[in-house]
$ cat my_file_6.txt   # compact mmCIF, C-alpha atoms and all ligand atoms
# COMPACT_ATOMS: atom_id res chain seq x y z
CA MET L 1 17.44 -14.71 -12.19
CA ARG L 2 15.06 -12.49 -14.12
CA ALA L 3 14.31 -8.96 -12.93
CA ILE L 4 12.65 -5.83 -14.32
CA SER L 5 15.15 -2.98 -14.34
CA GLN L 6 15.51 0.51 -15.77
CA THR L 7 18.59 2.54 -16.65
CA GLU L 8 16.87 5.94 -16.81
CA PHE L 9 13.80 7.68 -15.39
CA GLY L 10 10.82 7.88 -17.73
CA GLY L 11 7.62 6.29 -18.96
CA THR L 12 6.92 2.57 -18.99
CA GLU L 13 9.20 2.18 -22.04
CA VAL L 14 12.23 2.38 -19.70
CA LEU L 15 11.26 -0.91 -18.02
CA HIS L 16 13.13 -3.93 -19.37
CA GLU L 17 13.96 -7.45 -18.32
CA ILE L 18 17.51 -8.28 -17.20
CA ASP L 19 19.30 -11.40 -16.06
CA VAL L 20 21.26 -10.95 -12.80
CA PRO L 21 22.84 -13.28 -10.23
CA ARG L 22 20.57 -14.58 -7.51
CA PRO L 23 21.25 -12.70 -4.24
CA GLU L 24 22.54 -14.54 -1.15
CA PRO L 25 21.11 -13.98 2.31
CA LEU L 26 23.38 -12.45 4.96
CA PRO L 27 23.06 -13.54 8.59
CA THR L 28 19.52 -12.69 9.90
CA GLU L 29 18.20 -12.52 6.31
CA VAL L 30 16.07 -14.86 4.24
CA LEU L 31 16.19 -15.54 0.52
CA VAL L 32 12.61 -15.58 -0.79
CA ARG L 33 11.52 -17.02 -4.14
CA VAL L 34 8.97 -14.46 -5.29
CA VAL L 35 5.73 -15.92 -6.62
CA SER L 36 3.81 -12.64 -6.95
CA ALA L 37 4.64 -8.96 -6.50
CA GLY L 38 2.20 -6.14 -5.75
CA VAL L 39 2.23 -2.87 -7.69
CA ASN L 40 1.82 0.46 -5.90
CA PRO L 41 1.66 4.13 -6.95
CA VAL L 42 5.19 4.54 -5.54
CA ASP L 43 6.51 2.14 -8.21
CA ALA L 44 5.21 4.27 -11.07
CA LYS L 45 6.20 7.52 -9.36
CA THR L 46 9.75 6.30 -8.70
CA ARG L 47 10.10 4.91 -12.22
CA ALA L 48 9.37 8.42 -13.51
CA GLY L 49 11.80 10.16 -11.14
CA GLY L 50 9.49 11.01 -8.20
CA GLY L 51 8.35 8.76 -5.34
CA MET L 52 11.39 7.22 -3.67
CA ALA L 53 13.87 8.30 -6.39
CA ASP L 54 15.61 10.52 -3.82
CA VAL L 55 16.25 7.43 -1.70
CA LEU L 56 17.18 5.06 -4.52
CA GLY L 57 19.29 7.56 -6.44
CA LYS L 58 19.77 7.37 -10.19
CA PRO L 59 18.93 4.14 -12.05
CA PRO L 60 19.76 1.36 -12.65
CA PHE L 61 17.52 -0.15 -10.01
CA VAL L 62 14.79 -2.75 -9.69
CA LEU L 63 11.46 -1.52 -8.33
CA GLY L 64 8.83 -3.46 -6.37
CA TRP L 65 8.33 -3.58 -2.61
CA ASP L 66 5.40 -5.97 -2.15
CA VAL L 67 6.21 -9.66 -2.39
CA SER L 68 4.63 -12.98 -1.57
CA GLY L 69 6.64 -16.16 -1.99
CA VAL L 70 8.48 -19.06 -0.44
CA VAL L 71 11.57 -19.03 1.79
CA GLU L 72 14.38 -20.67 -0.18
CA GLU L 73 17.21 -20.19 2.35
CA ALA L 74 17.39 -18.84 5.88
CA GLY L 75 20.63 -17.09 6.91
CA PHE L 76 22.55 -17.65 10.13
CA GLY L 77 20.56 -16.43 13.14
CA VAL L 78 17.09 -16.82 11.63
CA HIS L 79 14.94 -18.90 13.99
CA THR L 80 11.40 -17.92 13.03
CA LEU L 81 11.41 -18.96 9.35
CA LYS L 82 12.77 -21.95 7.44
CA PRO L 83 12.99 -23.08 3.80
CA GLY L 84 9.54 -23.88 2.44
CA ASP L 85 7.66 -21.35 4.60
CA GLU L 86 5.22 -19.18 2.66
CA VAL L 87 5.78 -15.53 3.51
CA TYR L 88 4.73 -12.05 2.48
CA GLY L 89 6.18 -8.65 3.19
CA MET L 90 7.28 -5.16 2.20
CA PRO L 91 11.01 -5.55 2.76
CA TRP L 92 13.51 -2.71 2.89
CA PHE L 93 11.09 0.16 2.18
CA PRO L 94 12.03 2.91 1.34
CA ARG L 95 15.37 1.39 0.24
CA GLN L 96 15.49 -0.80 -2.86
CA ALA L 97 13.86 -4.20 -2.36
CA GLY L 98 13.84 -5.37 -5.97
CA GLY L 99 10.45 -7.05 -5.65
CA PHE L 100 10.04 -7.32 -9.42
CA SER L 101 12.63 -10.13 -9.45
CA GLU L 102 12.54 -13.89 -9.10
CA TYR L 103 14.31 -13.71 -5.69
CA VAL L 104 14.78 -11.14 -2.96
CA THR L 105 16.86 -11.16 0.21
CA ALA L 106 15.86 -9.14 3.26
CA PRO L 107 15.86 -9.24 7.06
CA SER L 108 13.61 -12.09 8.15
CA ARG L 109 11.65 -9.73 10.40
CA HIS L 110 10.50 -7.71 7.40
CA PHE L 111 8.33 -10.72 6.50
CA ALA L 112 5.46 -12.58 8.11
CA ARG L 113 3.75 -15.86 7.29
CA LYS L 114 1.38 -15.19 4.44
CA PRO L 115 -2.37 -15.48 5.12
CA SER L 116 -3.18 -19.14 4.52
CA THR L 117 -6.66 -18.60 3.05
CA VAL L 118 -5.55 -16.57 0.03
CA ASP L 119 -3.12 -17.32 -2.81
CA HIS L 120 0.20 -15.56 -3.44
CA ASP L 121 -1.42 -13.08 -5.87
CA ALA L 122 -3.78 -11.81 -3.16
CA ALA L 123 -1.09 -11.94 -0.47
CA ALA L 124 1.26 -9.83 -2.63
CA ALA L 125 -1.50 -7.22 -2.88
CA VAL L 126 -1.49 -6.67 0.86
CA PRO L 127 1.74 -5.43 2.46
CA LEU L 128 2.40 -1.82 1.43
CA ALA L 129 -1.24 -0.74 1.14
CA ALA L 130 -2.42 -2.59 4.24
CA LEU L 131 0.57 -1.50 6.37
CA THR L 132 -0.14 2.09 5.32
CA ALA L 133 -3.77 1.81 6.42
CA TRP L 134 -2.82 -0.08 9.61
CA GLN L 135 0.00 2.21 10.71
CA ALA L 136 -1.98 5.37 9.89
CA LEU L 137 -5.00 4.19 11.90
CA HIS L 138 -3.30 2.38 14.77
CA ASP L 139 0.15 3.95 15.15
CA ALA L 140 -0.33 7.54 13.94
CA VAL L 141 -3.92 8.13 15.07
CA HIS L 142 -4.66 5.44 17.71
CA ILE L 143 -8.18 4.96 16.34
CA LYS L 144 -10.86 4.22 18.93
CA SER L 145 -14.26 2.58 18.76
CA GLY L 146 -17.04 5.06 18.01
CA GLN L 147 -14.82 7.61 16.26
CA ARG L 148 -15.85 9.03 12.91
CA VAL L 149 -13.33 8.44 10.12
CA LEU L 150 -13.38 9.85 6.60
CA ILE L 151 -11.29 7.88 4.10
CA HIS L 152 -10.57 9.50 0.74
CA ALA L 153 -9.93 7.24 -2.26
CA ALA L 154 -11.67 4.54 -0.25
CA ALA L 155 -11.85 2.19 -3.26
CA GLY L 156 -8.11 2.15 -3.90
CA GLY L 157 -5.37 -0.07 -2.56
CA VAL L 158 -4.85 1.72 0.75
CA GLY L 159 -8.43 2.95 1.03
CA HIS L 160 -10.15 -0.43 0.88
CA PHE L 161 -7.93 -1.78 3.66
CA ALA L 162 -8.45 1.39 5.71
CA VAL L 163 -12.24 1.04 5.45
CA GLN L 164 -12.05 -2.51 6.76
CA PHE L 165 -9.47 -1.85 9.52
CA ALA L 166 -11.41 1.19 10.75
CA LYS L 167 -14.63 -0.87 10.84
CA ALA L 168 -12.83 -3.69 12.67
CA ALA L 169 -11.77 -1.05 15.25
CA GLY L 170 -15.42 0.00 15.72
CA ALA L 171 -15.26 3.32 13.88
CA HIS L 172 -18.02 4.95 11.82
CA VAL L 173 -16.58 5.01 8.29
CA THR L 174 -17.31 7.41 5.45
CA GLY L 175 -15.53 6.91 2.12
CA THR L 176 -15.17 8.96 -1.04
CA ALA L 177 -15.32 7.16 -4.39
CA SER L 178 -17.06 7.36 -7.76
CA ALA L 179 -20.64 6.06 -7.77
CA ALA L 180 -19.93 2.75 -9.54
CA LYS L 181 -17.87 1.62 -6.53
CA HIS L 182 -20.37 2.56 -3.81
CA ASP L 183 -22.20 -0.77 -3.49
CA TRP L 184 -18.93 -2.63 -3.24
CA LEU L 185 -17.63 -0.19 -0.61
CA ARG L 186 -20.77 -0.63 1.47
CA GLY L 187 -20.28 -4.37 1.14
CA ILE L 188 -16.82 -4.17 2.72
CA GLY L 189 -18.09 -2.02 5.58
CA ALA L 190 -18.39 1.65 4.66
CA ASP L 191 -21.29 3.24 6.59
CA GLU L 192 -21.54 6.22 4.24
CA VAL L 193 -20.17 6.90 0.75
CA ILE L 194 -19.76 10.19 -1.09
CA ASP L 195 -19.50 10.51 -4.86
CA TYR L 196 -16.68 13.05 -5.03
CA ARG L 197 -17.38 13.59 -8.73
CA THR L 198 -20.86 15.01 -8.19
CA THR L 199 -20.68 16.29 -4.61
CA ARG L 200 -18.12 18.34 -2.73
CA PHE L 201 -17.42 16.19 0.30
CA GLU L 202 -17.66 19.29 2.56
CA ASP L 203 -21.35 19.48 1.58
CA ALA L 204 -21.96 15.85 2.50
CA THR L 205 -20.11 15.27 5.75
CA ALA L 206 -18.78 17.03 8.87
CA ASP L 207 -17.50 16.42 12.40
CA GLN L 208 -14.93 13.77 11.55
CA ASP L 209 -12.46 12.73 14.27
CA VAL L 210 -10.00 11.47 11.68
CA VAL L 211 -9.47 11.98 7.96
CA LEU L 212 -7.10 9.76 5.99
CA ASP L 213 -6.28 11.86 2.96
CA LEU L 214 -5.04 9.67 0.10
CA ILE L 215 -5.30 12.38 -2.56
CA GLY L 216 -3.06 15.25 -1.39
CA GLY L 217 -2.95 18.93 -2.38
CA ASP L 218 -6.17 20.89 -2.00
CA ASN L 219 -8.09 17.75 -1.02
CA ALA L 220 -6.10 17.62 2.23
CA VAL L 221 -6.66 21.33 2.93
CA ARG L 222 -10.41 20.98 2.31
CA SER L 223 -10.45 17.95 4.63
CA VAL L 224 -9.61 20.21 7.59
CA ARG L 225 -13.07 21.81 7.25
CA VAL L 226 -14.85 18.51 7.90
CA THR L 227 -12.62 17.61 10.87
CA LYS L 228 -13.64 18.44 14.45
CA PRO L 229 -11.34 20.78 16.38
CA GLY L 230 -8.99 18.39 18.18
CA GLY L 231 -9.24 15.89 15.30
CA ILE L 232 -6.51 14.63 12.99
CA VAL L 233 -5.88 14.78 9.24
CA VAL L 234 -3.27 12.25 8.11
CA ALA L 235 -1.63 13.59 4.93
CA ILE L 236 -0.55 10.36 3.27
CA PRO L 237 0.73 11.43 -0.19
CA GLY L 238 3.01 14.44 -0.23
CA GLY L 239 3.12 15.23 3.49
CA VAL L 240 1.92 18.41 5.19
CA SER L 241 2.04 21.46 2.90
CA ALA L 242 2.24 25.01 4.27
CA ASP L 243 -1.41 25.54 3.26
CA LEU L 244 -2.49 22.41 5.11
CA ALA L 245 -0.49 23.36 8.21
CA ASP L 246 -2.07 26.87 8.22
CA ALA L 247 -5.62 25.57 7.75
CA ALA L 248 -5.13 22.96 10.47
CA GLU L 249 -3.68 25.43 12.95
CA ARG L 250 -6.54 27.86 12.42
CA ARG L 251 -9.11 25.14 13.14
CA GLY L 252 -7.28 23.45 16.01
CA VAL L 253 -6.77 20.24 14.02
CA SER L 254 -3.54 18.20 13.88
CA ALA L 255 -2.18 17.61 10.37
CA ILE L 256 0.38 14.84 10.39
CA PRO L 257 2.69 13.51 7.66
CA PHE L 258 3.07 9.80 7.12
CA LEU L 259 5.44 7.25 5.62
CA VAL L 260 4.86 3.50 5.80
CA GLU L 261 7.57 1.24 7.28
CA PRO L 262 8.28 -2.51 7.18
CA ASP L 263 6.52 -4.32 10.04
CA GLY L 264 6.37 -8.11 10.21
CA HIS L 265 4.34 -8.03 13.45
CA ALA L 266 1.57 -5.90 11.93
CA LEU L 267 1.55 -8.21 8.89
CA THR L 268 0.93 -11.15 11.24
CA GLU L 269 -2.07 -9.34 12.73
CA ILE L 270 -3.34 -8.41 9.26
CA ALA L 271 -2.98 -12.03 8.09
CA ALA L 272 -5.09 -13.13 11.06
CA LEU L 273 -7.87 -10.70 10.08
CA ILE L 274 -7.76 -11.97 6.48
CA ASP L 275 -7.82 -15.62 7.58
CA ALA L 276 -10.72 -14.90 9.94
CA GLY L 277 -12.69 -13.56 6.96
CA ARG L 278 -12.82 -10.07 8.48
CA VAL L 279 -10.74 -8.39 5.78
CA HIS L 280 -11.20 -8.93 2.05
CA VAL L 281 -8.30 -8.37 -0.37
CA GLU L 282 -9.53 -6.84 -3.61
CA VAL L 283 -7.30 -7.62 -6.59
CA GLU L 284 -8.47 -5.87 -9.75
CA GLN L 285 -6.04 -7.67 -12.05
CA VAL L 286 -3.02 -9.99 -12.09
CA TYR L 287 -0.53 -9.29 -14.91
CA PRO L 288 2.11 -11.68 -16.27
CA PHE L 289 5.71 -10.65 -15.49
CA THR L 290 6.25 -9.71 -19.13
CA ARG L 291 3.35 -7.23 -18.98
CA ILE L 292 4.57 -5.17 -16.04
CA ALA L 293 4.36 -1.99 -18.14
CA ALA L 294 0.58 -2.49 -18.44
CA ALA L 295 0.35 -2.81 -14.66
CA HIS L 296 2.25 0.48 -14.24
CA GLU L 297 -0.06 2.16 -16.76
CA ARG L 298 -3.19 0.98 -14.97
CA GLN L 299 -1.68 2.10 -11.66
CA GLU L 300 -1.00 5.54 -13.09
CA SER L 301 -4.62 5.86 -14.26
CA GLY L 302 -5.58 6.35 -10.60
CA ARG L 303 -8.76 4.35 -11.19
CA ALA L 304 -7.90 0.86 -9.95
CA GLN L 305 -10.38 -0.84 -7.63
CA GLY L 306 -8.26 -2.41 -4.91
CA LYS L 307 -4.89 -3.71 -6.04
CA LEU L 308 -2.81 -4.66 -9.08
CA VAL L 309 -0.40 -7.59 -8.97
CA VAL L 310 2.32 -9.05 -11.19
CA ARG L 311 2.84 -12.85 -11.30
CA VAL L 312 6.60 -13.34 -11.16
CA ALA L 313 6.91 -17.14 -11.00
CA SER L 314 6.00 -18.90 -14.25
N1 LIG C 1 3.11 8.04 2.47
C1 LIG C 1 3.01 6.71 2.35
O1 LIG C 1 3.63 5.95 3.10
C2 LIG C 1 2.09 6.13 1.30
C3 LIG C 1 1.79 4.78 1.33
C4 LIG C 1 0.88 4.24 0.40
C5 LIG C 1 0.31 5.08 -0.55
N2 LIG C 1 0.67 6.40 -0.57
C6 LIG C 1 0.06 7.32 -1.57
O2 LIG C 1 -1.34 7.37 -1.31
C7 LIG C 1 -2.05 7.51 -2.52
C8 LIG C 1 -3.12 6.41 -2.64
O3 LIG C 1 -2.46 5.16 -2.80
P1 LIG C 1 -3.29 3.88 -3.27
O4 LIG C 1 -2.34 2.75 -3.41
O5 LIG C 1 -4.49 3.70 -2.41
O6 LIG C 1 -3.76 4.41 -4.72
P2 LIG C 1 -4.70 3.70 -5.79
O7 LIG C 1 -4.98 2.30 -5.41
O8 LIG C 1 -4.09 3.96 -7.13
O9 LIG C 1 -6.05 4.56 -5.69
C9 LIG C 1 -6.97 4.39 -6.71
C10 LIG C 1 -8.33 4.86 -6.27
O10 LIG C 1 -8.33 6.28 -6.08
C11 LIG C 1 -9.66 6.73 -6.31
N3 LIG C 1 -9.66 8.17 -6.54
C12 LIG C 1 -8.95 8.83 -7.49
N4 LIG C 1 -9.17 10.16 -7.35
C13 LIG C 1 -10.03 10.33 -6.31
C14 LIG C 1 -10.62 11.47 -5.67
N5 LIG C 1 -10.37 12.73 -6.09
N6 LIG C 1 -11.41 11.26 -4.59
C15 LIG C 1 -11.67 10.01 -4.15
N7 LIG C 1 -11.15 8.88 -4.73
C16 LIG C 1 -10.34 9.06 -5.80
C17 LIG C 1 -10.12 5.90 -7.47
O11 LIG C 1 -11.50 5.71 -7.37
P3 LIG C 1 -12.48 6.19 -8.57
O12 LIG C 1 -12.11 5.38 -9.77
O13 LIG C 1 -13.80 5.92 -7.99
O14 LIG C 1 -12.18 7.64 -8.79
C18 LIG C 1 -9.39 4.56 -7.30
O15 LIG C 1 -10.23 3.53 -6.80
C19 LIG C 1 -1.00 7.51 -3.63
O16 LIG C 1 -0.66 8.85 -3.94
C20 LIG C 1 0.19 6.81 -2.99
O17 LIG C 1 1.43 7.16 -3.56
C21 LIG C 1 1.54 6.95 0.32

$ encode --input "my_file_6.txt" --output "C-alpha cells"
Amino acid sequence: MRAISQTEFGGTEVLHEIDVPRPEPLPTEVLVRVVSAGVNPVDAKTRAGGGMADVLGKPPFVLGWDVSGVVEEAGFGVHTLKPGDEVYGMPWFPRQAGGFSEYVTAPSRHFARKPSTVDHDAAAAVPLAALTAWQALHDAVHIKSGQRVLIHAAAGGVGHFAVQFAKAAGAHVTGTASAAKHDWLRGIGADEVIDYRTTRFEDATADQDVVLDLIGGDNAVRSVRVTKPGGIVVAIPGGVSADLADAAERRGVSAIPFLVEPDGHALTEIAALIDAGRVHVEVEQVYPFTRIAAAHERQESGRAQGKLVVRVAS
C-alpha cells in the first residue's frame, strides 16, 4: 500500500511516498481502508521534531491520526463492526496510527460509525479536533448550561467544534478570531466575537467561567484575568507553564493541562449531533494524497478556517 513517510525531522521536503505491506488486524482490531485523512497541527509539529516526536521516537514513521474509511476486515473478537461498515476515528493517539496510508489497523473501539450525512472528507476532519473540544468541555470542565465560555482560535479546527458543542450544552460563547471570520462564527453559534488583532481580549470580555486556550504562552496567562475566581482555564497546547500556574493560583482559578485521547463512544455522540444538523463540519480544503506537503504548509500558517483534509483513496 501507499503511505507518506519521512526518514528525518524537517520541513515538508522530508515527506515522501513509500510502498509498504498492508497491515493485518490482530484480534479485537479492524483493518480500515482509508478514504480520507484529516490534517492537524500535531502532524506538522511532529514532522518537524516537536508535537508527538517524543512518543514516536526518531523517524521513519508515518504521520496522520484522523481517518475516515471502510472496514475491510474485522479481527477475532470484534462484534460491533463488520466489513463494509463506514467508520471514522483517531486511532492509537498519541502512538503512531499511520493515517496517511491506504490502510490502518487499530482496536475496533477506537472507531465509531461515521456520520451518515457527510462524506468521508468531512468525516475525516472531525475526530482529533472534535474529540479535543468534546473532552475539554465535557470531561475536563463538565460544562453546564448558562456558563460563560471564552474560546480562543474559535475559527480553527478545534475552536469551531468547541463553539458548537458549548452552544449545544447551553453555554454563552465568546470567540476570538480575525474580523473576516466573525460572521461565519456567529452563524455557527458564537454569541460574541472579539477581533484579537485590533482588540486585547481583556478589554472586551470578563467574568468567564471557562476559557479554552488554543494559543498557548502568554495568551493562556492573560486568559486568567478574564476568568472568574473559581473558574477554569484549559491550557490545550503546551500544558500549564509556571507563569500560568502562578497567575491562576493568585486569582483562585484552576489551570489544567489537556491531551486528547481516542474515544469511540464520544465519536458516536458527535456523529449524532452532526447527523441531527446541530454541528457543522467546516472543511477549508481537500488536498490530493500527492499534495500532502501543501496541506502541512497551510496547517503551519495557523490561518485555516476549520479543517484541512487529504484524500487518500484515488
Ligand atoms: N493538547 C491536545 O490534545 C491538543 C489537541 C488538538 C489541538 N491542540 C493544539 O491546539 C492548537 C489549536 O489547534 P487547531 O487544530 O484548532 O489549530 P488550527 O485549526 O490551525 O487553528 C487555526 C485558527 O487559529 C486562529 N488563530 C491564530 N492565531 C490566533 C490568535 N492569536 N487568536 C485567536 N485566533 C487565532 C486562526 O484564525 P485567524 O486566521 O482569524 O487568525 C485560524 O482560524 C494547536 O496548537 C494544536 O497543536 C492540542

$ residues_near_ligand --input "my_file_6.txt" --ligand "ligand LIG 1 (chain C)" --cutoff "6 Å" --atoms "all atoms listed in the file" --output "ChimeraX atom specification"
/L:40-42,129,132,152-153,155-159,176-178,196,214-215,236-237,258-260,299,302-306

$ write_last_selection --input "my_file_6.txt" --atoms "C-alpha atoms" --output "compact mmCIF listing (two decimals), in the coordinates of the input"
# COMPACT_ATOMS: atom_id res chain seq x y z
CA ASN L 40 1.82 0.46 -5.90
CA PRO L 41 1.66 4.13 -6.95
CA VAL L 42 5.19 4.54 -5.54
CA ALA L 129 -1.24 -0.74 1.14
CA THR L 132 -0.14 2.09 5.32
CA HIS L 152 -10.57 9.50 0.74
CA ALA L 153 -9.93 7.24 -2.26
CA ALA L 155 -11.85 2.19 -3.26
CA GLY L 156 -8.11 2.15 -3.90
CA GLY L 157 -5.37 -0.07 -2.56
CA VAL L 158 -4.85 1.72 0.75
CA GLY L 159 -8.43 2.95 1.03
CA THR L 176 -15.17 8.96 -1.04
CA ALA L 177 -15.32 7.16 -4.39
CA SER L 178 -17.06 7.36 -7.76
CA TYR L 196 -16.68 13.05 -5.03
CA LEU L 214 -5.04 9.67 0.10
CA ILE L 215 -5.30 12.38 -2.56
CA ILE L 236 -0.55 10.36 3.27
CA PRO L 237 0.73 11.43 -0.19
CA PHE L 258 3.07 9.80 7.12
CA LEU L 259 5.44 7.25 5.62
CA VAL L 260 4.86 3.50 5.80
CA GLN L 299 -1.68 2.10 -11.66
CA GLY L 302 -5.58 6.35 -10.60
CA ARG L 303 -8.76 4.35 -11.19
CA ALA L 304 -7.90 0.86 -9.95
CA GLN L 305 -10.38 -0.84 -7.63
CA GLY L 306 -8.26 -2.41 -4.91

$ residues_around --input "my_file_6.txt" --residues "L:Leu244" --least-positions-apart "5" --cutoff "10 Å" --atoms "all atoms listed in the file" --output "VMD selection string"
chain L and resid 216 to 224 233 235 239 249 to 250 254 to 256

$ atom_distance --input "my_file_6.txt" --atom1 "atom CA of L:Val141" --atom2 "atom CA of L:Val234"
8.1 Å

$ closest_residue --input "my_file_6.txt" --among "L:Ala272, L:Ala190, L:Val149, L:Val281" --to "L:Val226" --atoms "only C-alpha atoms"
L:Val149

$ closest_residue --input "my_file_6.txt" --among "L:Met1, L:Val35, L:Ala168, L:Leu15" --to "L:Asp121" --atoms "only C-alpha atoms"
L:Val35

$ residues_near_point --input "my_file_6.txt" --point "(7.3, 3.4, -18.6)" --cutoff "8 Å" --atoms "only C-alpha atoms" --output "list in words"
Gly10, Gly11, Thr12, Glu13, Val14, Leu15, Ala44, Arg47, Ala48, Ala293, His296 and Glu297 of chain L

$ write_last_selection --input "my_file_6.txt" --atoms "C-alpha atoms" --output "PDB file, in the frame of the given file"
ATOM      1  CA  GLY L  10      10.820   7.880 -17.730  1.00  0.00           C
ATOM      2  CA  GLY L  11       7.620   6.290 -18.960  1.00  0.00           C
ATOM      3  CA  THR L  12       6.920   2.570 -18.990  1.00  0.00           C
ATOM      4  CA  GLU L  13       9.200   2.180 -22.040  1.00  0.00           C
ATOM      5  CA  VAL L  14      12.230   2.380 -19.700  1.00  0.00           C
ATOM      6  CA  LEU L  15      11.260  -0.910 -18.020  1.00  0.00           C
ATOM      7  CA  ALA L  44       5.210   4.270 -11.070  1.00  0.00           C
ATOM      8  CA  ARG L  47      10.100   4.910 -12.220  1.00  0.00           C
ATOM      9  CA  ALA L  48       9.370   8.420 -13.510  1.00  0.00           C
ATOM     10  CA  ALA L 293       4.360  -1.990 -18.140  1.00  0.00           C
ATOM     11  CA  HIS L 296       2.250   0.480 -14.240  1.00  0.00           C
ATOM     12  CA  GLU L 297      -0.060   2.160 -16.760  1.00  0.00           C
TER      13      GLU L 297
END

$ atom_distance --input "my_file_6.txt" --atom1 "atom CA of L:Glu202" --atom2 "atom CA of L:Leu150"
11.1 Å

$ closest_residue --input "my_file_6.txt" --among "L:Asp203, L:Asp119, L:Glu102, L:Glu192" --to "L:Val87" --atoms "only C-alpha atoms"
L:Asp119

$ closest_residue --input "my_file_6.txt" --among "L:Leu81, L:Val240, L:Val20, L:Ala169" --to "L:Ala3" --atoms "all atoms listed in the file"
L:Val20

$ atom_distance --input "my_file_6.txt" --atom1 "atom CA of L:Ile4" --atom2 "atom CA of L:Ala294"
13.2 Å

$ closest_atom_pairs --input "my_file_6.txt" --of "stretch 82-196 of chain L" --to "stretch 26-32 of chain L" --cutoff "10 Å" --atoms "all atoms listed in the file" --output "CSV"
residue,atom,partner,partner_atom,distance
L:Lys82,CA,L:Val30,CA,8.4
L:Pro83,CA,L:Val30,CA,8.8
L:Gly84,CA,L:Val32,CA,9.4
L:Asp85,CA,L:Val32,CA,9.3
L:Glu86,CA,L:Val32,CA,8.9
L:Val87,CA,L:Val32,CA,8.1
L:Tyr88,CA,L:Val32,CA,9.2
L:Glu102,CA,L:Val32,CA,8.5
L:Tyr103,CA,L:Val32,CA,5.5
L:Val104,CA,L:Val32,CA,5.4
L:Thr105,CA,L:Leu31,CA,4.4
L:Ala106,CA,L:Glu29,CA,5.1
L:Pro107,CA,L:Glu29,CA,4.1
L:Ser108,CA,L:Glu29,CA,5.0
L:Arg109,CA,L:Glu29,CA,8.2
L:His110,CA,L:Glu29,CA,9.1
L:Phe111,CA,L:Val30,CA,9.1

$ write_last_selection --input "my_file_6.txt" --atoms "C-alpha atoms" --output "compact mmCIF listing (two decimals), in the coordinates of the input"
# COMPACT_ATOMS: atom_id res chain seq x y z
CA LYS L 82 12.77 -21.95 7.44
CA PRO L 83 12.99 -23.08 3.80
CA GLY L 84 9.54 -23.88 2.44
CA ASP L 85 7.66 -21.35 4.60
CA GLU L 86 5.22 -19.18 2.66
CA VAL L 87 5.78 -15.53 3.51
CA TYR L 88 4.73 -12.05 2.48
CA GLU L 102 12.54 -13.89 -9.10
CA TYR L 103 14.31 -13.71 -5.69
CA VAL L 104 14.78 -11.14 -2.96
CA THR L 105 16.86 -11.16 0.21
CA ALA L 106 15.86 -9.14 3.26
CA PRO L 107 15.86 -9.24 7.06
CA SER L 108 13.61 -12.09 8.15
CA ARG L 109 11.65 -9.73 10.40
CA HIS L 110 10.50 -7.71 7.40
CA PHE L 111 8.33 -10.72 6.50

$ residues_around --input "my_file_6.txt" --residues "L:Ala37" --least-positions-apart "6" --cutoff "6 Å" --atoms "only C-alpha atoms" --output "PyMOL selection string"
chain L and resi 66-67+124+309-310

$ closest_residue --input "my_file_6.txt" --among "L:His182, L:Gln208, L:Ala266, L:Glu261" --to "L:Pro91" --atoms "only C-alpha atoms"
L:Glu261

$ residues_around --input "my_file_6.txt" --residues "L:Gln164" --least-positions-apart "5" --cutoff "12 Å" --atoms "all atoms listed in the file" --output "MDAnalysis selection string"
chainID L and resid 130 133:134 137 149 151 154:155 157:159 169:175 185:191 270 273:274 277:282

$ closest_residue --input "my_file_6.txt" --among "L:Gly89, L:Val70, L:Glu8, L:Arg251" --to "L:Lys58" --atoms "all atoms listed in the file"
L:Glu8

$ build_atoms --input "my_file_6.txt" --residues "stretch 297-304 of chain L" --atoms "N, CA, C and O atoms" --output "PDB file, in the coordinates of the input"
ATOM      1  N   GLU L 297       0.853   1.217 -16.101  1.00  0.00           N
ATOM      2  CA  GLU L 297      -0.060   2.160 -16.760  1.00  0.00           C
ATOM      3  C   GLU L 297      -1.408   2.194 -16.049  1.00  0.00           C
ATOM      4  O   GLU L 297      -1.982   3.255 -15.812  1.00  0.00           O
ATOM      5  N   ARG L 298      -1.912   1.014 -15.697  1.00  0.00           N
ATOM      6  CA  ARG L 298      -3.190   0.980 -14.970  1.00  0.00           C
ATOM      7  C   ARG L 298      -3.042   1.681 -13.614  1.00  0.00           C
ATOM      8  O   ARG L 298      -3.928   2.422 -13.186  1.00  0.00           O
ATOM      9  N   GLN L 299      -1.917   1.448 -12.960  1.00  0.00           N
ATOM     10  CA  GLN L 299      -1.680   2.100 -11.660  1.00  0.00           C
ATOM     11  C   GLN L 299      -1.724   3.613 -11.820  1.00  0.00           C
ATOM     12  O   GLN L 299      -2.336   4.323 -11.029  1.00  0.00           O
ATOM     13  N   GLU L 300      -1.073   4.086 -12.880  1.00  0.00           N
ATOM     14  CA  GLU L 300      -1.000   5.540 -13.090  1.00  0.00           C
ATOM     15  C   GLU L 300      -2.340   6.149 -13.487  1.00  0.00           C
ATOM     16  O   GLU L 300      -2.500   7.358 -13.392  1.00  0.00           O
ATOM     17  N   SER L 301      -3.299   5.321 -13.916  1.00  0.00           N
ATOM     18  CA  SER L 301      -4.620   5.860 -14.260  1.00  0.00           C
ATOM     19  C   SER L 301      -5.315   6.405 -13.021  1.00  0.00           C
ATOM     20  O   SER L 301      -6.218   7.241 -13.115  1.00  0.00           O
ATOM     21  N   GLY L 302      -4.938   5.912 -11.836  1.00  0.00           N
ATOM     22  CA  GLY L 302      -5.580   6.350 -10.600  1.00  0.00           C
ATOM     23  C   GLY L 302      -6.984   5.826 -10.414  1.00  0.00           C
ATOM     24  O   GLY L 302      -7.726   6.288  -9.556  1.00  0.00           O
ATOM     25  N   ARG L 303      -7.374   4.831 -11.207  1.00  0.00           N
ATOM     26  CA  ARG L 303      -8.760   4.350 -11.190  1.00  0.00           C
ATOM     27  C   ARG L 303      -8.905   2.935 -10.663  1.00  0.00           C
ATOM     28  O   ARG L 303     -10.010   2.399 -10.592  1.00  0.00           O
ATOM     29  N   ALA L 304      -7.818   2.288 -10.312  1.00  0.00           N
ATOM     30  CA  ALA L 304      -7.900   0.860  -9.950  1.00  0.00           C
ATOM     31  C   ALA L 304      -8.827   0.656  -8.752  1.00  0.00           C
ATOM     32  O   ALA L 304      -8.864   1.468  -7.822  1.00  0.00           O
TER      33      ALA L 304
END
